[in-house]
file upload-v1.cif (mmCIF, C-alpha atoms)
data_protein
#
loop_
_atom_site.label_atom_id
_atom_site.label_comp_id
_atom_site.auth_asym_id
_atom_site.auth_seq_id
_atom_site.Cartn_x
_atom_site.Cartn_y
_atom_site.Cartn_z
CA PHE U 295 70.65 71.13 102.03
CA ASP U 296 73.71 69.75 100.18
CA ILE U 297 73.50 66.28 101.80
CA TYR U 298 69.96 65.38 100.72
CA PRO U 299 67.94 66.00 97.56
CA GLN U 300 66.24 69.39 97.74
CA GLU U 301 62.75 67.97 98.30
CA VAL U 302 63.90 65.78 101.18
CA ALA U 303 66.02 68.54 102.69
CA GLN U 304 63.06 70.94 102.58
CA ARG U 305 60.87 68.41 104.37
CA TYR U 306 63.49 67.88 107.08
CA TYR U 307 63.86 71.64 107.47
CA GLU U 308 60.10 72.07 107.91
CA GLU U 309 60.06 69.30 110.51
CA ASP U 310 62.85 71.03 112.44
CA GLN U 311 61.01 74.34 112.32
CA LEU U 312 57.86 72.67 113.63
CA VAL U 313 59.73 71.10 116.54
CA MET U 314 61.42 74.37 117.42
CA SER U 315 58.28 76.48 117.22
CA SER U 316 56.06 74.02 119.10
CA ARG U 317 58.79 72.98 121.58
CA LEU U 318 57.31 69.47 121.30
CA PRO U 319 58.80 66.15 120.15
CA LEU U 320 57.92 64.84 116.69
CA VAL U 321 57.79 61.12 115.85
CA LEU U 322 57.48 60.00 112.24
CA GLU U 323 57.87 56.85 110.19
CA GLU U 324 59.73 56.89 106.89
CA SER U 325 61.10 54.36 104.45
CA LYS U 326 63.92 54.14 101.92
CA VAL U 327 65.27 51.54 99.54
CA VAL U 328 68.70 50.20 100.48
CA ASP U 329 70.31 47.53 98.28
CA ASP U 330 66.92 46.77 96.70
CA ARG U 331 65.36 46.30 100.16
CA LEU U 332 62.65 48.52 101.62
CA ILE U 333 63.84 49.69 105.04
CA TRP U 334 61.50 51.36 107.54
CA PHE U 335 62.67 53.79 110.22
CA GLU U 336 61.02 55.50 113.15
CA LYS U 337 62.43 59.00 113.39
CA SER U 338 62.21 61.06 116.58
CA LYS U 339 63.02 64.76 116.80
CA PHE U 340 62.89 66.89 119.92
CA PRO U 341 63.84 70.46 120.83
CA VAL U 342 67.11 71.27 122.55
CA ILE U 343 66.53 73.84 125.29
CA GLY U 344 69.30 76.27 126.26
CA ASP U 345 70.23 77.71 129.66
CA ARG U 346 67.80 80.60 129.17
CA ASN U 347 64.92 78.28 128.32
CA GLU U 348 65.19 79.13 124.65
CA VAL U 349 65.18 76.56 121.85
CA ILE U 350 68.69 76.40 120.46
CA GLY U 351 68.34 73.49 118.09
CA VAL U 352 66.86 70.11 117.28
CA SER U 353 68.19 66.69 118.21
CA ALA U 354 67.10 63.57 116.37
CA TYR U 355 67.59 59.84 116.16
CA ARG U 356 66.00 57.01 114.24
CA ILE U 357 65.63 53.27 114.71
CA ASP U 358 65.12 50.47 112.20
CA ILE U 359 61.53 49.20 112.48
CA THR U 360 61.51 47.08 109.32
CA GLU U 361 60.75 43.83 111.13
CA ARG U 362 57.97 45.49 113.11
CA LYS U 363 56.41 46.79 109.89
CA LYS U 364 56.62 43.33 108.32
CA THR U 365 54.83 41.92 111.36
CA GLU U 366 52.15 44.61 111.15
CA VAL U 367 51.56 43.85 107.48
CA ALA U 368 51.37 40.12 108.18
CA LEU U 369 48.90 40.68 111.01
CA LYS U 370 46.73 42.89 108.81
CA MET U 371 46.70 40.22 106.12
CA GLN U 372 45.83 37.52 108.66
CA SER U 373 43.15 39.70 110.17
CA ALA U 374 41.62 40.33 106.76
CA ALA U 375 41.69 36.61 106.00
CA PHE U 376 40.16 35.64 109.34
CA GLU U 377 37.51 38.35 109.05
CA SER U 378 36.36 36.88 105.74
CA PHE U 379 35.80 33.43 107.29
CA ALA U 380 32.21 32.36 107.95
CA LEU U 381 33.47 30.51 111.03
CA ALA U 382 33.76 32.30 114.36
CA ILE U 383 37.41 32.93 115.28
CA ILE U 384 39.03 34.44 118.35
CA ILE U 385 42.69 34.95 119.26
CA THR U 386 43.56 34.98 122.95
CA ASP U 387 46.60 35.38 125.14
CA ILE U 388 47.93 32.48 127.18
CA ARG U 389 45.40 33.22 129.96
CA GLY U 390 42.46 33.04 127.60
CA LYS U 391 41.76 36.78 127.35
CA ILE U 392 40.48 37.77 123.93
CA LEU U 393 42.85 39.91 121.85
CA TRP U 394 40.98 39.73 118.55
CA ALA U 395 37.67 38.39 117.28
CA ASN U 396 35.99 38.36 113.89
CA SER U 397 32.45 39.45 113.10
CA SER U 398 31.28 35.83 112.90
CA PHE U 399 32.14 35.42 116.59
CA ALA U 400 30.07 38.52 117.37
CA THR U 401 27.16 36.97 115.48
CA LEU U 402 27.55 33.62 117.22
CA SER U 403 27.94 34.96 120.75
CA GLY U 404 25.71 38.02 120.50
CA TYR U 405 28.47 40.26 121.89
CA PRO U 406 29.72 43.26 119.87
CA ILE U 407 33.45 42.96 119.27
CA PRO U 408 34.42 45.95 121.48
CA GLU U 409 32.72 44.22 124.42
CA VAL U 410 34.79 41.03 124.16
CA ILE U 411 38.30 42.46 123.79
CA GLY U 412 40.28 41.92 126.98
CA LYS U 413 37.63 39.59 128.42
CA SER U 414 37.92 35.87 129.00
CA SER U 415 35.74 33.85 126.64
CA ALA U 416 34.86 31.64 129.61
CA GLN U 417 33.47 34.68 131.44
CA LEU U 418 31.39 35.72 128.45
CA ILE U 419 29.89 32.54 127.02
CA SER U 420 30.37 29.73 129.54
CA SER U 421 27.01 28.08 130.28
CA GLY U 422 28.11 26.03 133.27
CA LYS U 423 26.83 22.91 131.50
CA GLN U 424 30.26 21.34 130.99
CA ASP U 425 31.98 18.91 133.30
CA LYS U 426 35.03 20.56 134.90
CA ALA U 427 37.11 17.61 133.71
CA LEU U 428 36.55 18.78 130.13
CA TYR U 429 38.18 22.14 130.86
CA VAL U 430 41.01 20.53 132.79
CA ASN U 431 41.77 18.30 129.82
CA MET U 432 41.45 21.20 127.37
CA TRP U 433 43.89 23.45 129.24
CA ARG U 434 46.32 20.61 129.90
CA THR U 435 46.36 19.86 126.16
CA ILE U 436 46.78 23.37 124.77
CA LEU U 437 49.32 24.55 127.35
CA ILE U 438 51.76 21.89 126.17
CA GLY U 439 51.33 23.07 122.59
CA LYS U 440 48.87 20.48 121.30
CA ILE U 441 45.62 21.09 119.41
CA TRP U 442 42.37 20.45 121.25
CA SER U 443 38.98 19.82 119.67
CA GLY U 444 35.66 19.20 121.32
CA GLU U 445 32.01 20.09 121.66
CA LEU U 446 30.65 22.61 124.16
CA ILE U 447 27.35 24.05 125.27
CA ASN U 448 27.77 27.81 125.51
CA LYS U 449 25.53 30.77 126.23
CA ARG U 450 24.86 33.83 124.10
CA LYS U 451 24.62 37.34 125.50
CA ASP U 452 20.82 37.03 125.60
CA GLY U 453 21.08 33.85 127.68
CA GLN U 454 20.21 31.45 124.85
CA LEU U 455 22.18 28.21 124.88
CA TYR U 456 23.86 26.89 121.76
CA ALA U 457 26.10 23.97 120.85
CA GLU U 458 29.46 24.59 119.27
CA GLU U 459 32.33 22.53 117.93
CA GLN U 460 35.60 24.19 118.83
CA THR U 461 39.20 23.67 117.79
CA ILE U 462 41.94 25.47 119.72
CA THR U 463 45.39 25.75 118.14
CA PRO U 464 48.33 26.98 120.26
CA VAL U 465 50.66 29.58 118.73
CA LEU U 466 54.34 29.22 119.63
CA ASP U 467 56.83 32.06 119.96
CA GLN U 468 60.38 32.02 118.57
CA ASN U 469 61.55 30.04 121.62
CA GLY U 470 58.92 27.36 121.15
CA ASN U 471 56.79 28.51 124.09
CA VAL U 472 53.02 28.86 123.86
CA SER U 473 52.18 32.57 123.51
CA ASN U 474 48.64 32.65 122.12
CA PHE U 475 45.68 30.52 121.14
CA ILE U 476 43.52 30.59 118.02
CA ALA U 477 40.04 29.17 118.57
CA ILE U 478 37.76 28.31 115.65
CA LYS U 479 34.11 27.80 116.55
CA ILE U 480 31.27 26.22 114.57
CA ASP U 481 27.63 26.50 115.60
CA ILE U 482 26.32 22.92 115.58
CA THR U 483 23.04 23.60 117.36
CA SER U 484 20.90 22.60 114.37
CA ARG U 485 22.91 19.43 113.85
CA LYS U 486 22.59 18.43 117.50
CA GLU U 487 18.82 19.08 117.40
CA MET U 488 18.50 16.92 114.28
CA GLU U 489 20.53 14.15 115.92
CA LYS U 490 18.30 14.32 118.98
CA ALA U 491 15.16 14.21 116.86
CA LEU U 492 16.52 11.23 114.93
CA ARG U 493 17.28 9.34 118.14
CA GLU U 494 13.81 10.05 119.47
CA SER U 495 12.25 8.95 116.18
CA GLU U 496 14.26 5.72 116.21
CA ALA U 497 13.26 5.10 119.82
CA ARG U 498 9.57 5.56 118.98
CA TRP U 499 9.93 3.29 115.93
CA ASN U 500 11.65 0.57 117.95
CA PHE U 501 8.98 0.87 120.64
CA ALA U 502 6.27 0.52 118.03
CA LEU U 503 7.95 -2.55 116.53
CA GLU U 504 8.32 -4.16 119.92
CA GLY U 505 4.66 -3.44 120.66
CA SER U 506 3.49 -4.95 117.37
CA GLY U 507 5.52 -8.05 118.10
CA ASP U 508 3.52 -8.71 121.25
#
call {"tool": "encode", "arguments": {"input": "upload-v1.cif", "output": "structure tokens"}}
result
Amino acid sequence: FDIYPQEVAQRYYEEDQLVMSSRLPLVLEESKVVDDRLIWFEKSKFPVIGDRNEVIGVSAYRIDITERKKTEVALKMQSAAFESFALAIIITDIRGKILWANSSFATLSGYPIPEVIGKSSAQLISSGKQDKALYVNMWRTILIGKIWSGELINKRKDGQLYAEEQTITPVLDQNGNVSNFIAIKIDITSRKEMEKALRESEARWNFALEGSGD
């Protein structure tokens, strides 16, 4: 108790007693300020068993997890930012399996978020309406670390087709290799329907003009 402040020493003592009485390991996270920097540690304690199967003490070690905590905080902030977007967003691994999706993607695709995690977006929403050459070009582009944008016809969970404009941005690791993809999707179904209606209207107008000219 002389090494640490009384409050801290009491907490450590209670942790040791818990490990000894339960005979189970204990893993905790704790932080402290060192040279004006907040340092995070993961502390592990486990019982030491004697020759007669009795608990004779507690062994412990801790590792610096500061960088991991910084990454977790950054990811939480990014997740909160992405979740607030009106646009549908998914994050996938290098094989295209979904690691994260926001609620706008669930609305667009019709799939609840728990149903899409770990699945390939191609398996879930592909309509089969695209030329295979489009996908070949898309994968060739993003796997070398370049951004790809294009329009797709996809299918919701209920089978309804919709048009989307998609931009896929590769994420590079510390070695410059592609590790993940971030896809941003915009539902352009209404726009495509309006464009189609406009073309049809222009075609009818031109036909009428040609007929009146005769």
call {"tool": "resolve_selection", "arguments": {"input": "upload-v1.cif", "expression": "the PyMOL selection byres ((chain U and resi 310) around 12)", "output": "mmCIF file with C-alpha atoms, in the frame of the given file"}}
result
data_model
loop_
_atom_site.group_PDB
_atom_site.id
_atom_site.type_symbol
_atom_site.label_atom_id
_atom_site.label_comp_id
_atom_site.auth_asym_id
_atom_site.auth_seq_id
_atom_site.Cartn_x
_atom_site.Cartn_y
_atom_site.Cartn_z
ATOM 1 C CA ALA U 303 66.020 68.540 102.690
ATOM 2 C CA GLN U 304 63.060 70.940 102.580
ATOM 3 C CA ARG U 305 60.870 68.410 104.370
ATOM 4 C CA TYR U 306 63.490 67.880 107.080
ATOM 5 C CA TYR U 307 63.860 71.640 107.470
ATOM 6 C CA GLU U 308 60.100 72.070 107.910
ATOM 7 C CA GLU U 309 60.060 69.300 110.510
ATOM 8 C CA GLN U 311 61.010 74.340 112.320
ATOM 9 C CA LEU U 312 57.860 72.670 113.630
ATOM 10 C CA VAL U 313 59.730 71.100 116.540
ATOM 11 C CA MET U 314 61.420 74.370 117.420
ATOM 12 C CA SER U 315 58.280 76.480 117.220
ATOM 13 C CA SER U 316 56.060 74.020 119.100
ATOM 14 C CA ARG U 317 58.790 72.980 121.580
ATOM 15 C CA LEU U 318 57.310 69.470 121.300
ATOM 16 C CA PRO U 319 58.800 66.150 120.150
ATOM 17 C CA LEU U 320 57.920 64.840 116.690
ATOM 18 C CA VAL U 321 57.790 61.120 115.850
ATOM 19 C CA SER U 338 62.210 61.060 116.580
ATOM 20 C CA LYS U 339 63.020 64.760 116.800
ATOM 21 C CA PHE U 340 62.890 66.890 119.920
ATOM 22 C CA PRO U 341 63.840 70.460 120.830
ATOM 23 C CA VAL U 342 67.110 71.270 122.550
ATOM 24 C CA VAL U 349 65.180 76.560 121.850
ATOM 25 C CA ILE U 350 68.690 76.400 120.460
ATOM 26 C CA GLY U 351 68.340 73.490 118.090
ATOM 27 C CA VAL U 352 66.860 70.110 117.280
ATOM 28 C CA SER U 353 68.190 66.690 118.210
ATOM 29 C CA ALA U 354 67.100 63.570 116.370
#
call {"tool": "resolve_selection", "arguments": {"input": "upload-v1.cif", "expression": "the PyMOL selection byres ((chain U and resi 359) around 7)", "output": "list in words"}}
result
Trp334, Phe335, Glu336, Ile357, Asp358, Thr360, Glu361, Arg362 and Lys363 of chain U
call {"tool": "atom_distance", "arguments": {"input": "upload-v1.cif", "atom1": "CA of Leu446 in chain U", "atom2": "CA of Lys423 in chain U"}}
result
8.3 Å
call {"tool": "closest_residue", "arguments": {"input": "upload-v1.cif", "among": "U:Ile462, U:Ile480, U:Ala400, U:Ile343", "to": "Trp433 in chain U", "atoms": "only C-alpha atoms"}}
result
U:Ile462
call {"tool": "atom_distance", "arguments": {"input": "upload-v1.cif", "atom1": "CA of Glu487 in chain U", "atom2": "CA of Thr435 in chain U"}}
result
28.9 Å
call {"tool": "resolve_selection", "arguments": {"input": "upload-v1.cif", "expression": "the PyMOL selection byres ((chain U and resi 407) around 9)", "output": "ChimeraX atom specification"}}
result
/U:394-397,399-400,405-406,408-411
call {"tool": "write_last_selection", "arguments": {"input": "upload-v1.cif", "atoms": "C-alpha atoms", "output": "PDB file, in the frame of the given file"}}
result
ATOM      1  CA  TRP U 394      40.980  39.730 118.550  1.00  0.00           C
ATOM      2  CA  ALA U 395      37.670  38.390 117.280  1.00  0.00           C
ATOM      3  CA  ASN U 396      35.990  38.360 113.890  1.00  0.00           C
ATOM      4  CA  SER U 397      32.450  39.450 113.100  1.00  0.00           C
ATOM      5  CA  PHE U 399      32.140  35.420 116.590  1.00  0.00           C
ATOM      6  CA  ALA U 400      30.070  38.520 117.370  1.00  0.00           C
ATOM      7  CA  TYR U 405      28.470  40.260 121.890  1.00  0.00           C
ATOM      8  CA  PRO U 406      29.720  43.260 119.870  1.00  0.00           C
ATOM      9  CA  PRO U 408      34.420  45.950 121.480  1.00  0.00           C
ATOM     10  CA  GLU U 409      32.720  44.220 124.420  1.00  0.00           C
ATOM     11  CA  VAL U 410      34.790  41.030 124.160  1.00  0.00           C
ATOM     12  CA  ILE U 411      38.300  42.460 123.790  1.00  0.00           C
TER      13      ILE U 411
END
call {"tool": "atom_distance", "arguments": {"input": "upload-v1.cif", "atom1": "CA of Asp481 in chain U", "atom2": "CA of Glu494 in chain U"}}
result
21.8 Å
call {"tool": "residues_around", "arguments": {"input": "upload-v1.cif", "residues": "Lys413 in chain U", "least_positions_apart": "5", "cutoff": "10 Å", "atoms": "all atoms listed in the file", "output": "VMD selection string"}}
result
chain U and resid 386 390 to 393 408 418
call {"tool": "decode", "arguments": {"input": "upload-v1.cif", "residues": "range 346-472 of chain U", "atoms": "C-alpha atoms", "output": "PDB file, in the first residue's frame"}}
result
ATOM      1  CA  ARG U 346      -1.510 -28.605  -3.743  1.00  0.00           C
ATOM      2  CA  ASN U 347      -3.917 -26.873  -6.115  1.00  0.00           C
ATOM      3  CA  GLU U 348      -4.273 -23.939  -3.768  1.00  0.00           C
ATOM      4  CA  VAL U 349      -4.071 -20.304  -4.849  1.00  0.00           C
ATOM      5  CA  ILE U 350      -0.804 -18.920  -3.562  1.00  0.00           C
ATOM      6  CA  GLY U 351      -0.812 -15.528  -5.197  1.00  0.00           C
ATOM      7  CA  VAL U 352      -1.629 -13.355  -8.186  1.00  0.00           C
ATOM      8  CA  SER U 353       0.493 -12.687 -11.243  1.00  0.00           C
ATOM      9  CA  ALA U 354      -0.120  -9.688 -13.471  1.00  0.00           C
ATOM     10  CA  TYR U 355       1.117  -7.871 -16.528  1.00  0.00           C
ATOM     11  CA  ARG U 356      -0.058  -4.939 -18.587  1.00  0.00           C
ATOM     12  CA  ILE U 357       0.435  -3.742 -22.149  1.00  0.00           C
ATOM     13  CA  ASP U 358       0.223  -0.281 -23.673  1.00  0.00           C
ATOM     14  CA  ILE U 359      -2.953  -0.042 -25.776  1.00  0.00           C
ATOM     15  CA  THR U 360      -2.898   3.724 -26.313  1.00  0.00           C
ATOM     16  CA  GLU U 361      -2.735   3.495 -30.104  1.00  0.00           C
ATOM     17  CA  ARG U 362      -5.548   0.945 -30.149  1.00  0.00           C
ATOM     18  CA  LYS U 363      -7.723   3.254 -28.046  1.00  0.00           C
ATOM     19  CA  LYS U 364      -6.970   6.172 -30.367  1.00  0.00           C
ATOM     20  CA  THR U 365      -8.041   4.027 -33.309  1.00  0.00           C
ATOM     21  CA  GLU U 366     -11.232   2.995 -31.519  1.00  0.00           C
ATOM     22  CA  VAL U 367     -12.093   6.625 -30.787  1.00  0.00           C
ATOM     23  CA  ALA U 368     -11.399   7.608 -34.400  1.00  0.00           C
ATOM     24  CA  LEU U 369     -13.572   4.773 -35.684  1.00  0.00           C
ATOM     25  CA  LYS U 370     -16.408   5.758 -33.359  1.00  0.00           C
ATOM     26  CA  MET U 371     -16.200   9.340 -34.583  1.00  0.00           C
ATOM     27  CA  GLN U 372     -16.168   8.215 -38.221  1.00  0.00           C
ATOM     28  CA  SER U 373     -19.045   5.859 -37.586  1.00  0.00           C
ATOM     29  CA  ALA U 374     -21.077   8.631 -35.981  1.00  0.00           C
ATOM     30  CA  ALA U 375     -20.309  10.935 -38.903  1.00  0.00           C
ATOM     31  CA  PHE U 376     -21.183   8.320 -41.525  1.00  0.00           C
ATOM     32  CA  GLU U 377     -24.362   7.359 -39.673  1.00  0.00           C
ATOM     33  CA  SER U 378     -25.569  10.959 -39.858  1.00  0.00           C
ATOM     34  CA  PHE U 379     -25.199  11.056 -43.656  1.00  0.00           C
ATOM     35  CA  ALA U 380     -28.371  10.869 -45.740  1.00  0.00           C
ATOM     36  CA  LEU U 381     -26.392   8.922 -48.345  1.00  0.00           C
ATOM     37  CA  ALA U 382     -26.085   5.144 -48.099  1.00  0.00           C
ATOM     38  CA  ILE U 383     -22.572   4.101 -47.046  1.00  0.00           C
ATOM     39  CA  ILE U 384     -20.942   0.711 -46.613  1.00  0.00           C
ATOM     40  CA  ILE U 385     -17.393  -0.264 -45.654  1.00  0.00           C
ATOM     41  CA  THR U 386     -16.118  -3.586 -46.962  1.00  0.00           C
ATOM     42  CA  ASP U 387     -12.991  -5.685 -46.788  1.00  0.00           C
ATOM     43  CA  ILE U 388     -10.841  -6.243 -49.854  1.00  0.00           C
ATOM     44  CA  ARG U 389     -13.112  -9.105 -50.979  1.00  0.00           C
ATOM     45  CA  GLY U 390     -16.210  -6.948 -50.871  1.00  0.00           C
ATOM     46  CA  LYS U 391     -17.711  -8.365 -47.660  1.00  0.00           C
ATOM     47  CA  ILE U 392     -19.571  -5.733 -45.679  1.00  0.00           C
ATOM     48  CA  LEU U 393     -17.977  -4.757 -42.361  1.00  0.00           C
ATOM     49  CA  TRP U 394     -20.155  -1.736 -41.592  1.00  0.00           C
ATOM     50  CA  ALA U 395     -23.233  -0.063 -43.043  1.00  0.00           C
ATOM     51  CA  ASN U 396     -25.261   2.974 -42.053  1.00  0.00           C
ATOM     52  CA  SER U 397     -29.015   3.151 -41.633  1.00  0.00           C
ATOM     53  CA  SER U 398     -29.409   4.880 -44.999  1.00  0.00           C
ATOM     54  CA  PHE U 399     -28.053   1.755 -46.689  1.00  0.00           C
ATOM     55  CA  ALA U 400     -30.618  -0.326 -44.806  1.00  0.00           C
ATOM     56  CA  THR U 401     -33.342   2.000 -46.078  1.00  0.00           C
ATOM     57  CA  LEU U 402     -32.042   1.895 -49.647  1.00  0.00           C
ATOM     58  CA  SER U 403     -31.526  -1.866 -49.853  1.00  0.00           C
ATOM     59  CA  GLY U 404     -34.365  -3.008 -47.608  1.00  0.00           C
ATOM     60  CA  TYR U 405     -31.990  -5.186 -45.561  1.00  0.00           C
ATOM     61  CA  PRO U 406     -31.658  -4.643 -41.783  1.00  0.00           C
ATOM     62  CA  ILE U 407     -28.049  -3.909 -40.891  1.00  0.00           C
ATOM     63  CA  PRO U 408     -27.475  -7.183 -38.961  1.00  0.00           C
ATOM     64  CA  GLU U 409     -28.407  -9.114 -42.121  1.00  0.00           C
ATOM     65  CA  VAL U 410     -25.753  -7.450 -44.300  1.00  0.00           C
ATOM     66  CA  ILE U 411     -22.694  -7.679 -42.040  1.00  0.00           C
ATOM     67  CA  GLY U 412     -20.278 -10.290 -43.370  1.00  0.00           C
ATOM     68  CA  LYS U 413     -22.182 -10.617 -46.652  1.00  0.00           C
ATOM     69  CA  SER U 414     -21.048  -9.519 -50.082  1.00  0.00           C
ATOM     70  CA  SER U 415     -23.012  -6.555 -51.396  1.00  0.00           C
ATOM     71  CA  ALA U 416     -23.046  -8.277 -54.782  1.00  0.00           C
ATOM     72  CA  GLN U 417     -24.822 -11.273 -53.223  1.00  0.00           C
ATOM     73  CA  LEU U 418     -27.419  -9.064 -51.567  1.00  0.00           C
ATOM     74  CA  ILE U 419     -28.367  -6.427 -54.114  1.00  0.00           C
ATOM     75  CA  SER U 420     -27.010  -7.462 -57.512  1.00  0.00           C
ATOM     76  CA  SER U 421     -29.823  -7.467 -60.085  1.00  0.00           C
ATOM     77  CA  GLY U 422     -27.961  -9.257 -62.863  1.00  0.00           C
ATOM     78  CA  LYS U 423     -28.762  -6.329 -65.162  1.00  0.00           C
ATOM     79  CA  GLN U 424     -25.160  -5.126 -65.492  1.00  0.00           C
ATOM     80  CA  ASP U 425     -22.698  -6.123 -68.169  1.00  0.00           C
ATOM     81  CA  LYS U 426     -19.906  -8.229 -66.647  1.00  0.00           C
ATOM     82  CA  ALA U 427     -17.406  -5.842 -68.232  1.00  0.00           C
ATOM     83  CA  LEU U 428     -18.622  -3.135 -65.850  1.00  0.00           C
ATOM     84  CA  TYR U 429     -17.669  -5.221 -62.816  1.00  0.00           C
ATOM     85  CA  VAL U 430     -14.347  -6.212 -64.345  1.00  0.00           C
ATOM     86  CA  ASN U 431     -13.492  -2.557 -64.868  1.00  0.00           C
ATOM     87  CA  MET U 432     -14.713  -1.621 -61.387  1.00  0.00           C
ATOM     88  CA  TRP U 433     -12.595  -4.237 -59.599  1.00  0.00           C
ATOM     89  CA  ARG U 434      -9.560  -3.557 -61.772  1.00  0.00           C
ATOM     90  CA  THR U 435      -9.808   0.133 -60.861  1.00  0.00           C
ATOM     91  CA  ILE U 436     -10.314  -0.131 -57.108  1.00  0.00           C
ATOM     92  CA  LEU U 437      -7.795  -2.922 -56.538  1.00  0.00           C
ATOM     93  CA  ILE U 438      -4.999  -0.669 -57.777  1.00  0.00           C
ATOM     94  CA  GLY U 439      -6.106   2.041 -55.350  1.00  0.00           C
ATOM     95  CA  LYS U 440      -8.097   4.281 -57.680  1.00  0.00           C
ATOM     96  CA  ILE U 441     -11.599   5.671 -57.138  1.00  0.00           C
ATOM     97  CA  TRP U 442     -14.399   4.228 -59.261  1.00  0.00           C
ATOM     98  CA  SER U 443     -17.746   5.875 -59.975  1.00  0.00           C
ATOM     99  CA  GLY U 444     -20.635   4.601 -62.018  1.00  0.00           C
ATOM    100  CA  GLU U 445     -24.324   3.845 -62.263  1.00  0.00           C
ATOM    101  CA  LEU U 446     -25.874   0.473 -61.429  1.00  0.00           C
ATOM    102  CA  ILE U 447     -29.249  -1.206 -61.438  1.00  0.00           C
ATOM    103  CA  ASN U 448     -29.602  -3.048 -58.143  1.00  0.00           C
ATOM    104  CA  LYS U 449     -32.322  -5.015 -56.390  1.00  0.00           C
ATOM    105  CA  ARG U 450     -33.870  -4.437 -52.985  1.00  0.00           C
ATOM    106  CA  LYS U 451     -34.673  -7.231 -50.564  1.00  0.00           C
ATOM    107  CA  ASP U 452     -38.283  -7.250 -51.793  1.00  0.00           C
ATOM    108  CA  GLY U 453     -37.110  -7.732 -55.382  1.00  0.00           C
ATOM    109  CA  GLN U 454     -37.790  -4.158 -56.510  1.00  0.00           C
ATOM    110  CA  LEU U 455     -35.185  -2.747 -58.889  1.00  0.00           C
ATOM    111  CA  TYR U 456     -33.650   0.667 -58.331  1.00  0.00           C
ATOM    112  CA  ALA U 457     -30.976   2.795 -59.958  1.00  0.00           C
ATOM    113  CA  GLU U 458     -28.032   4.004 -57.946  1.00  0.00           C
ATOM    114  CA  GLU U 459     -24.978   6.154 -58.494  1.00  0.00           C
ATOM    115  CA  GLN U 460     -22.049   4.672 -56.620  1.00  0.00           C
ATOM    116  CA  THR U 461     -18.568   5.895 -55.763  1.00  0.00           C
ATOM    117  CA  ILE U 462     -16.059   3.424 -54.326  1.00  0.00           C
ATOM    118  CA  THR U 463     -12.965   4.782 -52.586  1.00  0.00           C
ATOM    119  CA  PRO U 464     -10.121   2.385 -51.681  1.00  0.00           C
ATOM    120  CA  VAL U 465      -8.588   2.675 -48.202  1.00  0.00           C
ATOM    121  CA  LEU U 466      -4.841   2.087 -48.000  1.00  0.00           C
ATOM    122  CA  ASP U 467      -2.982   0.592 -45.043  1.00  0.00           C
ATOM    123  CA  GLN U 468       0.299   1.925 -43.644  1.00  0.00           C
ATOM    124  CA  ASN U 469       2.222   0.056 -46.359  1.00  0.00           C
ATOM    125  CA  GLY U 470       0.182   1.599 -49.156  1.00  0.00           C
ATOM    126  CA  ASN U 471      -1.775  -1.580 -49.890  1.00  0.00           C
ATOM    127  CA  VAL U 472      -5.539  -1.591 -50.402  1.00  0.00           C
TER     128      VAL U 472
END
